[in-house]
file structure-v9.csv (CSV, C-alpha atoms)
chain,number,residue,atom,x,y,z
A,1,MET,CA,-18.8,0.9,-40.9
A,2,ASN,CA,-20.0,-2.5,-39.7
A,3,ALA,CA,-19.1,-4.0,-36.3
A,4,ILE,CA,-16.1,-6.1,-37.7
A,5,GLU,CA,-14.5,-3.1,-39.5
A,6,PHE,CA,-15.1,-1.0,-36.4
A,7,ALA,CA,-13.5,-3.6,-34.0
A,8,LEU,CA,-10.5,-4.0,-36.3
A,9,LEU,CA,-9.7,-0.3,-36.7
A,10,VAL,CA,-10.3,0.4,-33.0
A,11,TRP,CA,-8.0,-2.6,-32.1
A,12,ILE,CA,-5.2,-1.1,-34.3
A,13,ALA,CA,-5.5,2.4,-32.7
A,14,SER,CA,-5.6,0.9,-29.2
A,15,PHE,CA,-2.5,-1.2,-29.9
A,16,PHE,CA,-0.5,1.9,-30.6
A,17,ALA,CA,-2.0,3.8,-27.7
A,18,GLY,CA,-1.0,0.9,-25.3
A,19,LEU,CA,2.5,0.7,-26.8
A,20,LEU,CA,3.2,4.4,-26.4
A,21,GLY,CA,1.5,4.5,-23.0
A,22,ALA,CA,3.8,1.7,-21.7
A,23,LEU,CA,6.9,3.2,-23.2
A,24,THR,CA,6.4,6.7,-22.0
A,25,GLY,CA,4.5,6.0,-18.8
A,26,LEU,CA,2.4,9.0,-19.8
A,27,GLY,CA,-1.1,7.9,-20.7
A,28,GLY,CA,-1.8,5.8,-23.7
A,29,ALA,CA,-5.4,6.0,-22.5
A,30,ALA,CA,-5.2,9.8,-22.4
A,31,VAL,CA,-4.9,9.5,-26.2
A,32,LEU,CA,-7.6,6.8,-26.5
A,33,VAL,CA,-10.5,9.0,-25.4
A,34,PRO,CA,-9.8,11.7,-28.0
A,35,VAL,CA,-9.1,9.1,-30.7
A,36,LEU,CA,-12.4,7.3,-30.0
A,37,THR,CA,-14.5,10.5,-29.8
A,38,LEU,CA,-12.8,12.4,-32.7
A,39,TRP,CA,-12.0,9.6,-35.2
A,40,PHE,CA,-14.6,7.0,-34.3
A,41,HIS,CA,-17.4,9.3,-33.2
A,42,VAL,CA,-18.0,7.4,-30.0
A,43,HIS,CA,-19.9,9.2,-27.2
A,44,ILE,CA,-17.4,10.5,-24.6
A,45,HIS,CA,-19.0,8.5,-21.8
A,46,TYR,CA,-18.5,5.2,-23.6
A,47,ALA,CA,-15.0,6.3,-24.7
A,48,ALA,CA,-14.2,7.1,-21.0
A,49,GLY,CA,-15.6,3.7,-19.9
A,50,ALA,CA,-13.6,1.7,-22.5
A,51,SER,CA,-10.5,3.8,-21.8
A,52,LEU,CA,-10.8,3.2,-18.0
A,53,VAL,CA,-10.9,-0.6,-18.5
A,54,SER,CA,-8.0,-0.4,-20.9
A,55,VAL,CA,-6.1,1.7,-18.3
A,56,ILE,CA,-6.3,-1.3,-16.0
A,57,ALA,CA,-5.0,-3.6,-18.6
A,58,THR,CA,-2.1,-1.2,-19.5
A,59,SER,CA,-1.2,-0.9,-15.8
A,60,SER,CA,-1.5,-4.5,-14.9
A,61,GLY,CA,0.1,-5.9,-18.1
A,62,ALA,CA,3.1,-3.5,-18.0
A,63,ALA,CA,3.4,-3.5,-14.2
A,64,ALA,CA,3.9,-7.3,-14.2
A,65,ALA,CA,7.0,-6.8,-16.2
A,66,TYR,CA,8.3,-3.8,-14.3
A,67,VAL,CA,7.8,-5.4,-10.9
A,68,LYS,CA,10.1,-8.2,-11.9
A,69,GLU,CA,12.8,-5.7,-12.9
A,70,GLY,CA,12.7,-4.1,-9.5
A,71,TYR,CA,11.7,-0.5,-10.4
A,72,THR,CA,8.3,-0.4,-8.7
A,73,ASN,CA,8.1,0.8,-5.1
A,74,ILE,CA,5.0,-1.0,-3.7
A,75,ARG,CA,4.9,0.8,-0.4
A,76,ILE,CA,4.8,4.3,-2.0
A,77,GLY,CA,2.3,3.0,-4.5
A,78,MET,CA,-0.1,1.5,-1.9
A,79,PHE,CA,0.1,4.5,0.4
A,80,LEU,CA,-0.7,7.0,-2.4
A,81,GLU,CA,-3.5,4.8,-3.6
A,82,ILE,CA,-5.6,5.9,-0.6
A,83,ALA,CA,-5.6,9.4,-2.2
A,84,THR,CA,-6.0,8.2,-5.8
A,85,THR,CA,-8.9,5.8,-5.2
A,86,VAL,CA,-11.0,8.2,-3.1
A,87,GLY,CA,-10.4,10.8,-5.8
A,88,ALA,CA,-11.3,8.3,-8.5
A,89,VAL,CA,-14.7,7.5,-6.9
A,90,LEU,CA,-15.4,11.2,-6.5
A,91,GLY,CA,-14.4,11.9,-10.1
A,92,ALA,CA,-16.6,9.0,-11.4
A,93,PHE,CA,-19.6,10.6,-9.7
A,94,LEU,CA,-18.7,14.0,-11.0
A,95,ALA,CA,-18.6,12.5,-14.6
A,96,THR,CA,-22.3,11.5,-14.3
A,97,LYS,CA,-23.1,15.2,-13.6
A,98,THR,CA,-20.9,16.8,-16.3
A,99,SER,CA,-21.9,17.3,-19.9
A,100,ALA,CA,-20.0,15.7,-22.8
A,101,GLU,CA,-18.7,19.1,-23.9
A,102,GLY,CA,-17.6,19.9,-20.3
A,103,ILE,CA,-15.7,16.6,-20.0
A,104,ALA,CA,-14.1,17.1,-23.5
A,105,ILE,CA,-12.8,20.6,-22.6
A,106,ILE,CA,-11.4,19.5,-19.2
A,107,LEU,CA,-9.8,16.5,-20.9
A,108,GLY,CA,-8.3,18.8,-23.5
A,109,LEU,CA,-6.8,21.1,-20.9
A,110,VAL,CA,-5.4,18.1,-18.9
A,111,LEU,CA,-3.9,16.8,-22.2
A,112,LEU,CA,-2.3,20.1,-23.0
A,113,TYR,CA,-0.7,20.1,-19.5
A,114,SER,CA,0.5,16.5,-20.0
A,115,GLY,CA,2.0,17.4,-23.3
A,116,TYR,CA,3.8,20.3,-21.8
A,117,LEU,CA,5.1,18.1,-18.9
A,118,SER,CA,6.2,15.2,-21.0
A,119,GLY,CA,8.0,17.5,-23.4
A,120,ARG,CA,10.2,18.9,-20.7
A,121,LYS,CA,13.6,17.5,-19.8
A,122,GLN,CA,13.5,15.2,-16.8
A,123,PRO,CA,16.6,14.3,-14.9
A,124,GLU,CA,17.0,10.5,-14.8
A,125,HIS,CA,18.4,10.5,-11.2
A,126,PRO,CA,17.0,13.5,-9.2
A,127,VAL,CA,18.7,14.3,-5.9
A,128,ALA,CA,16.4,14.4,-2.9
A,129,THR,CA,17.2,17.7,-1.2
A,130,LYS,CA,15.5,16.9,2.0
A,131,PRO,CA,14.1,13.4,2.8
A,132,ASP,CA,10.7,13.6,4.4
A,133,PRO,CA,10.6,12.3,8.0
A,134,LEU,CA,7.1,10.8,7.1
A,135,ALA,CA,8.8,8.8,4.4
A,136,ASP,CA,11.3,7.5,7.0
A,137,ALA,CA,8.4,6.5,9.3
A,138,LEU,CA,6.6,4.8,6.4
A,139,ARG,CA,9.8,3.1,5.2
A,140,MET,CA,9.3,4.4,1.6
A,141,HIS,CA,13.0,4.8,0.6
A,142,GLY,CA,14.2,2.2,-1.7
A,143,SER,CA,16.7,1.2,-4.4
A,144,TYR,CA,16.5,0.3,-8.1
A,145,PRO,CA,18.7,-1.4,-10.6
A,146,THR,CA,21.1,0.6,-12.8
A,147,LEU,CA,23.9,-0.5,-15.1
A,148,GLU,CA,26.3,0.2,-12.2
A,149,GLY,CA,24.3,-1.9,-9.7
A,150,PRO,CA,21.6,-1.0,-7.3
A,151,ARG,CA,21.2,2.7,-6.6
A,152,GLU,CA,19.4,4.0,-3.4
A,153,TYR,CA,17.0,6.9,-3.3
A,154,LYS,CA,15.3,9.0,-0.7
A,155,VAL,CA,11.7,10.3,-0.8
A,156,SER,CA,10.7,13.9,-0.2
A,157,SER,CA,7.5,15.9,0.3
A,158,VAL,CA,5.0,13.0,1.0
A,159,PRO,CA,2.0,15.4,1.9
A,160,SER,CA,2.2,17.4,-1.3
A,161,GLY,CA,2.6,14.1,-3.3
A,162,PHE,CA,-0.5,12.8,-1.5
A,163,GLY,CA,-2.5,15.9,-2.4
A,164,LEU,CA,-1.5,15.8,-6.0
A,165,MET,CA,-2.5,12.1,-6.1
A,166,PHE,CA,-6.0,13.0,-4.9
A,167,GLY,CA,-6.2,15.4,-7.8
A,168,ALA,CA,-4.9,12.8,-10.2
A,169,GLY,CA,-7.5,10.3,-9.0
A,170,THR,CA,-10.3,12.7,-9.4
A,171,LEU,CA,-9.2,13.5,-13.0
A,172,SER,CA,-8.9,9.8,-13.7
A,173,GLY,CA,-12.5,9.1,-12.6
A,174,LEU,CA,-13.9,12.2,-14.3
A,175,LEU,CA,-12.2,11.7,-17.7
A,176,GLY,CA,-11.5,7.9,-17.9
A,177,ILE,CA,-7.8,8.3,-18.1
A,178,GLY,CA,-4.9,7.1,-16.0
A,179,SER,CA,-3.7,10.6,-15.2
A,180,GLY,CA,-0.1,9.3,-15.5
A,181,ALA,CA,1.2,12.8,-16.1
A,182,VAL,CA,-0.1,14.1,-12.8
A,183,LYS,CA,1.1,11.0,-11.0
A,184,VAL,CA,4.6,11.2,-12.5
A,185,LEU,CA,4.6,14.9,-11.7
A,186,ALA,CA,3.8,14.2,-8.1
A,187,MET,CA,6.5,11.5,-7.8
A,188,ASP,CA,9.2,13.2,-10.0
A,189,GLN,CA,8.8,16.8,-8.9
A,190,ALA,CA,7.4,16.6,-5.4
A,191,MET,CA,8.7,13.3,-4.0
A,192,LYS,CA,12.0,13.4,-6.0
A,193,LEU,CA,11.8,9.7,-7.2
A,194,PRO,CA,14.1,8.5,-10.0
A,195,PHE,CA,12.4,8.7,-13.4
A,196,LYS,CA,12.0,4.9,-13.9
A,197,VAL,CA,10.7,4.4,-10.3
A,198,SER,CA,8.1,7.1,-10.7
A,199,THR,CA,7.0,5.9,-14.1
A,200,THR,CA,6.6,2.3,-13.1
A,201,THR,CA,5.1,3.0,-9.7
A,202,SER,CA,2.7,5.4,-11.4
A,203,ASN,CA,1.8,2.6,-13.9
A,204,PHE,CA,1.3,0.2,-11.1
A,205,MET,CA,-1.0,2.6,-9.2
A,206,ILE,CA,-3.0,3.5,-12.2
A,207,GLY,CA,-4.7,0.1,-12.4
A,208,VAL,CA,-6.0,0.3,-8.8
A,209,THR,CA,-7.1,3.9,-9.3
A,210,ALA,CA,-9.0,3.0,-12.5
A,211,ALA,CA,-10.6,0.0,-10.8
A,212,ALA,CA,-12.1,2.3,-8.2
A,213,SER,CA,-13.8,4.5,-10.9
A,214,ALA,CA,-14.5,1.6,-13.3
A,215,GLY,CA,-16.8,0.1,-10.6
A,216,VAL,CA,-18.9,3.3,-10.6
A,217,TYR,CA,-18.8,3.4,-14.4
A,218,LEU,CA,-20.0,-0.2,-14.7
A,219,ARG,CA,-22.9,0.4,-12.3
A,220,ARG,CA,-23.9,3.5,-14.3
A,221,GLY,CA,-23.9,1.7,-17.7
A,222,TYR,CA,-20.9,3.5,-19.2
A,223,ILE,CA,-19.0,0.4,-20.0
A,224,ASP,CA,-20.1,-0.8,-23.5
A,225,PRO,CA,-18.6,-4.3,-24.0
A,226,ALA,CA,-18.8,-4.1,-27.8
A,227,LEU,CA,-16.5,-1.0,-27.7
A,228,ALA,CA,-14.4,-2.0,-24.7
A,229,MET,CA,-13.5,-5.4,-26.3
A,230,PRO,CA,-11.3,-4.2,-29.2
A,231,VAL,CA,-9.9,-1.4,-27.1
A,232,MET,CA,-8.9,-3.7,-24.3
A,233,LEU,CA,-7.5,-6.4,-26.6
A,234,GLY,CA,-5.4,-3.8,-28.5
A,235,VAL,CA,-4.1,-2.1,-25.4
A,236,VAL,CA,-3.1,-5.4,-23.8
A,237,ALA,CA,-1.1,-6.4,-26.9
A,238,GLY,CA,0.5,-2.9,-27.2
A,239,SER,CA,1.4,-2.6,-23.5
A,240,PHE,CA,3.0,-6.1,-23.3
A,241,LEU,CA,5.2,-5.2,-26.2
A,242,GLY,CA,5.9,-1.7,-24.7
A,243,ALA,CA,7.0,-3.2,-21.3
A,244,ARG,CA,9.5,-5.4,-23.1
A,245,LEU,CA,11.0,-2.5,-25.0
A,246,LEU,CA,11.2,-0.2,-22.0
A,247,ALA,CA,14.6,-1.1,-20.7
A,248,ARG,CA,16.1,-0.4,-24.2
A,249,ALA,CA,14.0,2.6,-25.2
A,250,ARG,CA,15.5,6.1,-25.2
A,251,THR,CA,12.7,7.8,-23.3
A,252,GLN,CA,13.6,11.4,-24.0
A,253,TRP,CA,12.8,11.6,-27.7
A,254,LEU,CA,9.7,9.4,-27.3
A,255,ARG,CA,8.3,11.7,-24.6
A,256,ARG,CA,8.8,14.7,-27.0
A,257,LEU,CA,7.1,12.9,-29.9
A,258,PHE,CA,4.3,11.8,-27.7
A,259,ALA,CA,3.9,15.3,-26.3
A,260,LEU,CA,3.3,16.6,-29.8
A,261,VAL,CA,0.6,14.0,-30.5
A,262,ILE,CA,-1.1,14.8,-27.2
A,263,VAL,CA,-1.1,18.5,-27.8
A,264,ALA,CA,-2.6,18.1,-31.3
A,265,MET,CA,-5.3,15.9,-29.9
A,266,ALA,CA,-6.1,18.3,-27.1
A,267,ILE,CA,-6.5,21.3,-29.4
A,268,GLU,CA,-8.8,19.4,-31.7
A,269,LEU,CA,-10.8,18.1,-28.8
A,270,ILE,CA,-11.3,21.6,-27.2
A,271,PHE,CA,-12.1,23.1,-30.6
A,272,ASP,CA,-14.7,20.4,-31.5
A,273,ALA,CA,-16.3,20.7,-28.1
A,274,LEU,CA,-16.6,24.5,-28.3
A,275,ALA,CA,-18.0,24.2,-31.9
A,276,GLY,CA,-20.6,21.6,-30.7
A,277,ARG,CA,-19.3,18.9,-33.0
A,278,LEU,CA,-18.7,16.1,-30.6
B,1,MET,CA,16.4,0.1,3.3
B,2,SER,CA,13.0,-1.3,2.6
B,3,PHE,CA,14.1,-3.6,-0.2
B,4,SER,CA,14.3,-6.8,1.8
B,5,TRP,CA,14.2,-10.3,0.5
B,6,THR,CA,10.5,-10.7,1.5
B,7,ASP,CA,9.6,-7.6,-0.4
B,8,GLU,CA,11.2,-8.8,-3.5
B,9,LYS,CA,9.5,-12.2,-3.3
B,10,THR,CA,6.2,-10.5,-2.6
B,11,GLU,CA,6.7,-8.3,-5.7
B,12,HIS,CA,7.4,-11.3,-7.9
B,13,VAL,CA,4.2,-13.0,-6.7
B,14,ILE,CA,2.2,-9.8,-7.2
B,15,GLY,CA,3.6,-9.5,-10.7
B,16,ASN,CA,2.6,-13.0,-11.6
B,17,LEU,CA,-0.9,-12.4,-10.1
B,18,LEU,CA,-1.4,-9.3,-12.3
B,19,ARG,CA,-0.2,-11.1,-15.4
B,20,ALA,CA,-2.5,-14.1,-14.8
B,21,GLY,CA,-5.5,-11.8,-14.2
B,22,VAL,CA,-4.9,-9.9,-17.4
B,23,LEU,CA,-4.4,-13.1,-19.4
B,24,ILE,CA,-7.6,-14.7,-18.1
B,25,ALA,CA,-9.5,-11.5,-18.6
B,26,THR,CA,-8.1,-11.2,-22.1
B,27,PHE,CA,-9.0,-14.7,-23.0
B,28,VAL,CA,-12.6,-14.3,-21.8
B,29,VAL,CA,-13.0,-10.9,-23.6
B,30,LEU,CA,-11.5,-12.5,-26.8
B,31,ALA,CA,-13.9,-15.5,-26.6
B,32,GLY,CA,-16.9,-13.1,-26.1
B,33,GLY,CA,-15.6,-10.9,-28.9
B,34,ILE,CA,-15.4,-13.7,-31.4
B,35,LEU,CA,-18.9,-14.9,-30.5
B,36,TYR,CA,-20.2,-11.3,-30.7
B,37,LEU,CA,-18.6,-10.5,-34.1
B,38,ALA,CA,-19.8,-13.9,-35.5
B,39,HIS,CA,-23.4,-13.0,-34.6
B,40,TYR,CA,-23.4,-9.2,-35.1
B,41,GLY,CA,-20.3,-8.5,-37.2
B,42,ALA,CA,-22.3,-7.3,-40.2
B,43,THR,CA,-24.5,-5.0,-38.2
B,44,PRO,CA,-23.6,-1.3,-38.3
B,45,ALA,CA,-21.4,-0.1,-35.4
B,46,ASP,CA,-23.0,2.8,-33.6
B,47,HIS,CA,-21.6,4.1,-30.3
B,48,HIS,CA,-22.3,7.8,-31.0
B,49,VAL,CA,-25.5,8.2,-28.9
B,50,PHE,CA,-25.2,7.6,-25.2
B,51,ARG,CA,-28.1,5.4,-24.0
B,52,GLY,CA,-26.4,3.6,-21.1
B,53,GLU,CA,-26.0,-0.1,-21.0
B,54,PRO,CA,-28.9,-2.4,-20.1
B,55,ASN,CA,-29.3,-3.3,-16.4
B,56,TYR,CA,-28.0,-6.8,-16.8
B,57,LEU,CA,-24.6,-5.5,-17.9
B,58,ARG,CA,-24.4,-3.1,-14.9
B,59,THR,CA,-24.2,-5.5,-11.9
B,60,VAL,CA,-21.9,-8.3,-11.0
B,61,ASP,CA,-24.9,-10.7,-10.7
B,62,GLY,CA,-26.3,-9.7,-14.1
B,63,VAL,CA,-22.9,-10.0,-15.9
B,64,VAL,CA,-22.2,-13.4,-14.4
B,65,GLY,CA,-25.7,-14.6,-15.2
B,66,SER,CA,-25.7,-13.5,-18.8
B,67,ALA,CA,-22.3,-14.9,-19.4
B,68,LEU,CA,-23.4,-18.3,-18.1
B,69,GLN,CA,-26.2,-18.1,-20.7
B,70,LEU,CA,-23.5,-17.6,-23.3
B,71,ASP,CA,-24.7,-14.1,-24.2
B,72,SER,CA,-21.8,-12.7,-26.1
B,73,ARG,CA,-22.1,-9.2,-24.6
B,74,GLY,CA,-22.3,-10.8,-21.2
B,75,ILE,CA,-19.1,-12.9,-21.8
B,76,MET,CA,-17.2,-9.8,-22.9
B,77,GLN,CA,-18.5,-7.8,-19.9
B,78,LEU,CA,-17.4,-10.7,-17.6
B,79,GLY,CA,-13.9,-10.5,-19.0
B,80,LEU,CA,-13.9,-6.8,-18.4
B,81,LEU,CA,-15.2,-7.4,-14.9
B,82,LEU,CA,-12.4,-9.9,-14.3
B,83,LEU,CA,-10.0,-7.2,-15.4
B,84,VAL,CA,-11.4,-4.7,-12.9
B,85,LEU,CA,-11.1,-7.4,-10.2
B,86,THR,CA,-7.3,-8.0,-11.0
B,87,PRO,CA,-6.0,-4.8,-9.2
B,88,ILE,CA,-8.5,-5.5,-6.4
B,89,ALA,CA,-7.1,-9.0,-5.9
B,90,ARG,CA,-3.6,-7.4,-5.9
B,91,VAL,CA,-4.6,-5.1,-3.0
B,92,VAL,CA,-6.0,-8.1,-1.1
B,93,PHE,CA,-2.8,-10.0,-1.7
B,94,ALA,CA,-0.7,-7.1,-0.7
B,95,ALA,CA,-2.7,-6.8,2.6
B,96,VAL,CA,-2.0,-10.5,3.3
B,97,SER,CA,1.7,-10.3,2.5
B,98,PHE,CA,2.1,-7.2,4.7
B,99,ALA,CA,0.4,-9.0,7.5
B,100,MET,CA,2.8,-11.9,7.1
B,101,GLU,CA,5.7,-9.4,7.4
B,102,ARG,CA,3.9,-8.0,10.5
B,103,ASP,CA,3.9,-4.6,8.8
B,104,PHE,CA,0.6,-3.5,10.3
B,105,THR,CA,0.8,0.1,9.1
B,106,TYR,CA,0.7,-1.2,5.5
B,107,VAL,CA,-2.0,-3.8,6.3
B,108,VAL,CA,-4.2,-0.8,7.4
B,109,VAL,CA,-3.2,1.2,4.3
B,110,SER,CA,-4.1,-1.8,2.0
B,111,LEU,CA,-7.5,-2.3,3.8
B,112,ILE,CA,-8.4,1.3,3.4
B,113,VAL,CA,-7.7,1.1,-0.4
B,114,LEU,CA,-9.7,-2.1,-0.5
B,115,ALA,CA,-12.7,-0.5,1.2
B,116,VAL,CA,-12.7,2.3,-1.3
B,117,LEU,CA,-12.5,-0.2,-4.2
B,118,MET,CA,-15.4,-2.2,-2.9
B,119,TYR,CA,-17.5,1.0,-2.4
B,120,GLY,CA,-16.8,1.8,-6.1
B,121,LEU,CA,-17.9,-1.5,-7.4
B,122,MET,CA,-20.8,-2.3,-5.1
B,123,GLY,CA,-21.6,0.9,-3.1
B,124,PRO,CA,-25.0,2.7,-3.1
B,125,GLY,CA,-25.9,5.3,-5.7

call {"tool": "encode", "arguments": {"input": "structure-v9.csv", "output": "structure tokens"}}
result
Amino acid sequence: MNAIEFALLVWIASFFAGLLGALTGLGGAAVLVPVLTLWFHVHIHYAAGASLVSVIATSSGAAAAYVKEGYTNIRIGMFLEIATTVGAVLGAFLATKTSAEGIAIILGLVLLYSGYLSGRKQPEHPVATKPDPLADALRMHGSYPTLEGPREYKVSSVPSGFGLMFGAGTLSGLLGIGSGAVKVLAMDQAMKLPFKVSTTTSNFMIGVTAAASAGVYLRRGYIDPALAMPVMLGVVAGSFLGARLLARARTQWLRRLFALVIVAMAIELIFDALAGRL
Amino acid sequence: MSFSWTDEKTEHVIGNLLRAGVLIATFVVLAGGILYLAHYGATPADHHVFRGEPNYLRTVDGVVGSALQLDSRGIMQLGLLLLVLTPIARVVFAAVSFAMERDFTYVVVSLIVLAVLMYGLMGPG
């Protein structure tokens, strides 16, 4: 394969990863690393570097559209970014000390868990059982647009959300993914945010998180421009389209479909790592 | 109720900032990519063995310098660097707008995030 064929095929794969990532809010980049390593035989360090950069593009490109629609909660995002960025820098340093096989196996396990989470049924409008006093103090409660007009929501369990976000950041830096699944888990399950608020706020935060570890990756020589170029260009196109489709998309069946893809990728990744075929 | 008029306006400006950052970065990466493929398009693509990128593609100075010499890898890397700077600019902007709202809790929150980001990009080790 020459450089032009390689760039073209990688662009196409990245386009679909960006599209699905924006539509489901669950990690287009999580699929990118296995696709690049398994199908295109890219070293996992380079794959993670290119993926991280594309994560920033997915996040910023899609977030620009979401923010205008009023789903994103900037205060929650900014507060939790303290946890995700510290975790991300730690994760990026751990990546330099972990073997390719080790990273592949951890990524496989994270993907299996993401697949399991995204395949589960999510209530669109969860009810906050007990608003957190910390969320009152930090003025995190908000409202978001629905067909029946603005709908208010309260925020629960800020400390456990914060802890989960630290873990999400570490995984993001270690594996070169956005860790959307863990972020959405923290906001859906722990903090009881409505689905579209958690998805878009997660997408918004992912860029800042990835920028923290991308800095470390750049300084360590993990960002290969000839690879990151088609990945980033494909993801930008895909995520822009995905953001425009979001309001109309039925998220439930997409999440299920995407869960299947993620699980298949994860199994192949773990199998190849254990067989020493990466 | 935190969804005040100021917040909404801030969010619109931040949204536009992110979009502009991604567009500029995309354009620079695309320009570098065209130049790169025009020069090296027929050479075999090999990203299988990890060697680490050369030093000039690892630092802000090196990337800017090589891009100014119209090195195609340097131009692509500059675009990627601009992309990394986009969320960082967003945090700076958020800090300023929180300061304008006299919301000092969130000014401090934003500055902590900014410090971690700068450590990632330019810190030791």

call {"tool": "atom_distance", "arguments": {"input": "structure-v9.csv", "atom1": "CA of Leu83 in chain B", "atom2": "CA of Ile24 in chain B"}}
result
8.3 Å

call {"tool": "interface_residues", "arguments": {"input": "structure-v9.csv", "of": "chain B", "to": "chain A", "cutoff": "7 Å", "atoms": "only C-alpha atoms", "output": "PyMOL selection string"}}
result
chain B and resi 1-3+11-12+15-16+18-19+22+26+29+33+37+40-45+47-50+52-54+58-59+73+76-77+80+83-84+87-88+109-110+112-113+116-117+120-121

call {"tool": "write_last_selection", "arguments": {"input": "structure-v9.csv", "atoms": "C-alpha atoms", "output": "PDB file, in the coordinates of the input"}}
result
ATOM      1  CA  MET B   1      16.400   0.100   3.300  1.00  0.00           C
ATOM      2  CA  SER B   2      13.000  -1.300   2.600  1.00  0.00           C
ATOM      3  CA  PHE B   3      14.100  -3.600  -0.200  1.00  0.00           C
ATOM      4  CA  GLU B  11       6.700  -8.300  -5.700  1.00  0.00           C
ATOM      5  CA  HIS B  12       7.400 -11.300  -7.900  1.00  0.00           C
ATOM      6  CA  GLY B  15       3.600  -9.500 -10.700  1.00  0.00           C
ATOM      7  CA  ASN B  16       2.600 -13.000 -11.600  1.00  0.00           C
ATOM      8  CA  LEU B  18      -1.400  -9.300 -12.300  1.00  0.00           C
ATOM      9  CA  ARG B  19      -0.200 -11.100 -15.400  1.00  0.00           C
ATOM     10  CA  VAL B  22      -4.900  -9.900 -17.400  1.00  0.00           C
ATOM     11  CA  THR B  26      -8.100 -11.200 -22.100  1.00  0.00           C
ATOM     12  CA  VAL B  29     -13.000 -10.900 -23.600  1.00  0.00           C
ATOM     13  CA  GLY B  33     -15.600 -10.900 -28.900  1.00  0.00           C
ATOM     14  CA  LEU B  37     -18.600 -10.500 -34.100  1.00  0.00           C
ATOM     15  CA  TYR B  40     -23.400  -9.200 -35.100  1.00  0.00           C
ATOM     16  CA  GLY B  41     -20.300  -8.500 -37.200  1.00  0.00           C
ATOM     17  CA  ALA B  42     -22.300  -7.300 -40.200  1.00  0.00           C
ATOM     18  CA  THR B  43     -24.500  -5.000 -38.200  1.00  0.00           C
ATOM     19  CA  PRO B  44     -23.600  -1.300 -38.300  1.00  0.00           C
ATOM     20  CA  ALA B  45     -21.400  -0.100 -35.400  1.00  0.00           C
ATOM     21  CA  HIS B  47     -21.600   4.100 -30.300  1.00  0.00           C
ATOM     22  CA  HIS B  48     -22.300   7.800 -31.000  1.00  0.00           C
ATOM     23  CA  VAL B  49     -25.500   8.200 -28.900  1.00  0.00           C
ATOM     24  CA  PHE B  50     -25.200   7.600 -25.200  1.00  0.00           C
ATOM     25  CA  GLY B  52     -26.400   3.600 -21.100  1.00  0.00           C
ATOM     26  CA  GLU B  53     -26.000  -0.100 -21.000  1.00  0.00           C
ATOM     27  CA  PRO B  54     -28.900  -2.400 -20.100  1.00  0.00           C
ATOM     28  CA  ARG B  58     -24.400  -3.100 -14.900  1.00  0.00           C
ATOM     29  CA  THR B  59     -24.200  -5.500 -11.900  1.00  0.00           C
ATOM     30  CA  ARG B  73     -22.100  -9.200 -24.600  1.00  0.00           C
ATOM     31  CA  MET B  76     -17.200  -9.800 -22.900  1.00  0.00           C
ATOM     32  CA  GLN B  77     -18.500  -7.800 -19.900  1.00  0.00           C
ATOM     33  CA  LEU B  80     -13.900  -6.800 -18.400  1.00  0.00           C
ATOM     34  CA  LEU B  83     -10.000  -7.200 -15.400  1.00  0.00           C
ATOM     35  CA  VAL B  84     -11.400  -4.700 -12.900  1.00  0.00           C
ATOM     36  CA  PRO B  87      -6.000  -4.800  -9.200  1.00  0.00           C
ATOM     37  CA  ILE B  88      -8.500  -5.500  -6.400  1.00  0.00           C
ATOM     38  CA  VAL B 109      -3.200   1.200   4.300  1.00  0.00           C
ATOM     39  CA  SER B 110      -4.100  -1.800   2.000  1.00  0.00           C
ATOM     40  CA  ILE B 112      -8.400   1.300   3.400  1.00  0.00           C
ATOM     41  CA  VAL B 113      -7.700   1.100  -0.400  1.00  0.00           C
ATOM     42  CA  VAL B 116     -12.700   2.300  -1.300  1.00  0.00           C
ATOM     43  CA  LEU B 117     -12.500  -0.200  -4.200  1.00  0.00           C
ATOM     44  CA  GLY B 120     -16.800   1.800  -6.100  1.00  0.00           C
ATOM     45  CA  LEU B 121     -17.900  -1.500  -7.400  1.00  0.00           C
TER      46      LEU B 121
END

call {"tool": "atom_distance", "arguments": {"input": "structure-v9.csv", "atom1": "CA of Gly180 in chain A", "atom2": "CA of Val28 in chain B"}}
result
27.4 Å

call {"tool": "atom_distance", "arguments": {"input": "structure-v9.csv", "atom1": "CA of Lys97 in chain A", "atom2": "CA of Gly115 in chain A"}}
result
27.0 Å

call {"tool": "residues_around", "arguments": {"input": "structure-v9.csv", "residues": "range 257-272 of chain A", "least_positions_apart": "6", "cutoff": "7 Å", "atoms": "all atoms listed in the file", "output": "list in words"}}
result
Val31, Pro34, Ala104, Ile105, Gly108, Leu109, Leu111, Leu112, Gly115, Tyr116, Ser118, Gly119 and Leu278 of chain A

call {"tool": "closest_residue", "arguments": {"input": "structure-v9.csv", "among": "B:Ala89, B:Leu81, B:Ile75, B:Met100", "to": "Leu35 in chain B", "atoms": "all atoms listed in the file"}}
result
B:Ile75

call {"tool": "residues_around", "arguments": {"input": "structure-v9.csv", "residues": "Thr24 in chain A", "least_positions_apart": "5", "cutoff": "8 Å", "atoms": "all atoms listed in the file", "output": "count of residues only"}}
result
5

call {"tool": "residues_around", "arguments": {"input": "structure-v9.csv", "residues": "Val63 in chain B", "least_positions_apart": "5", "cutoff": "6 Å", "atoms": "only C-alpha atoms", "output": "list of chain:residue names"}}
result
B:Leu57, B:Gly74, B:Leu78
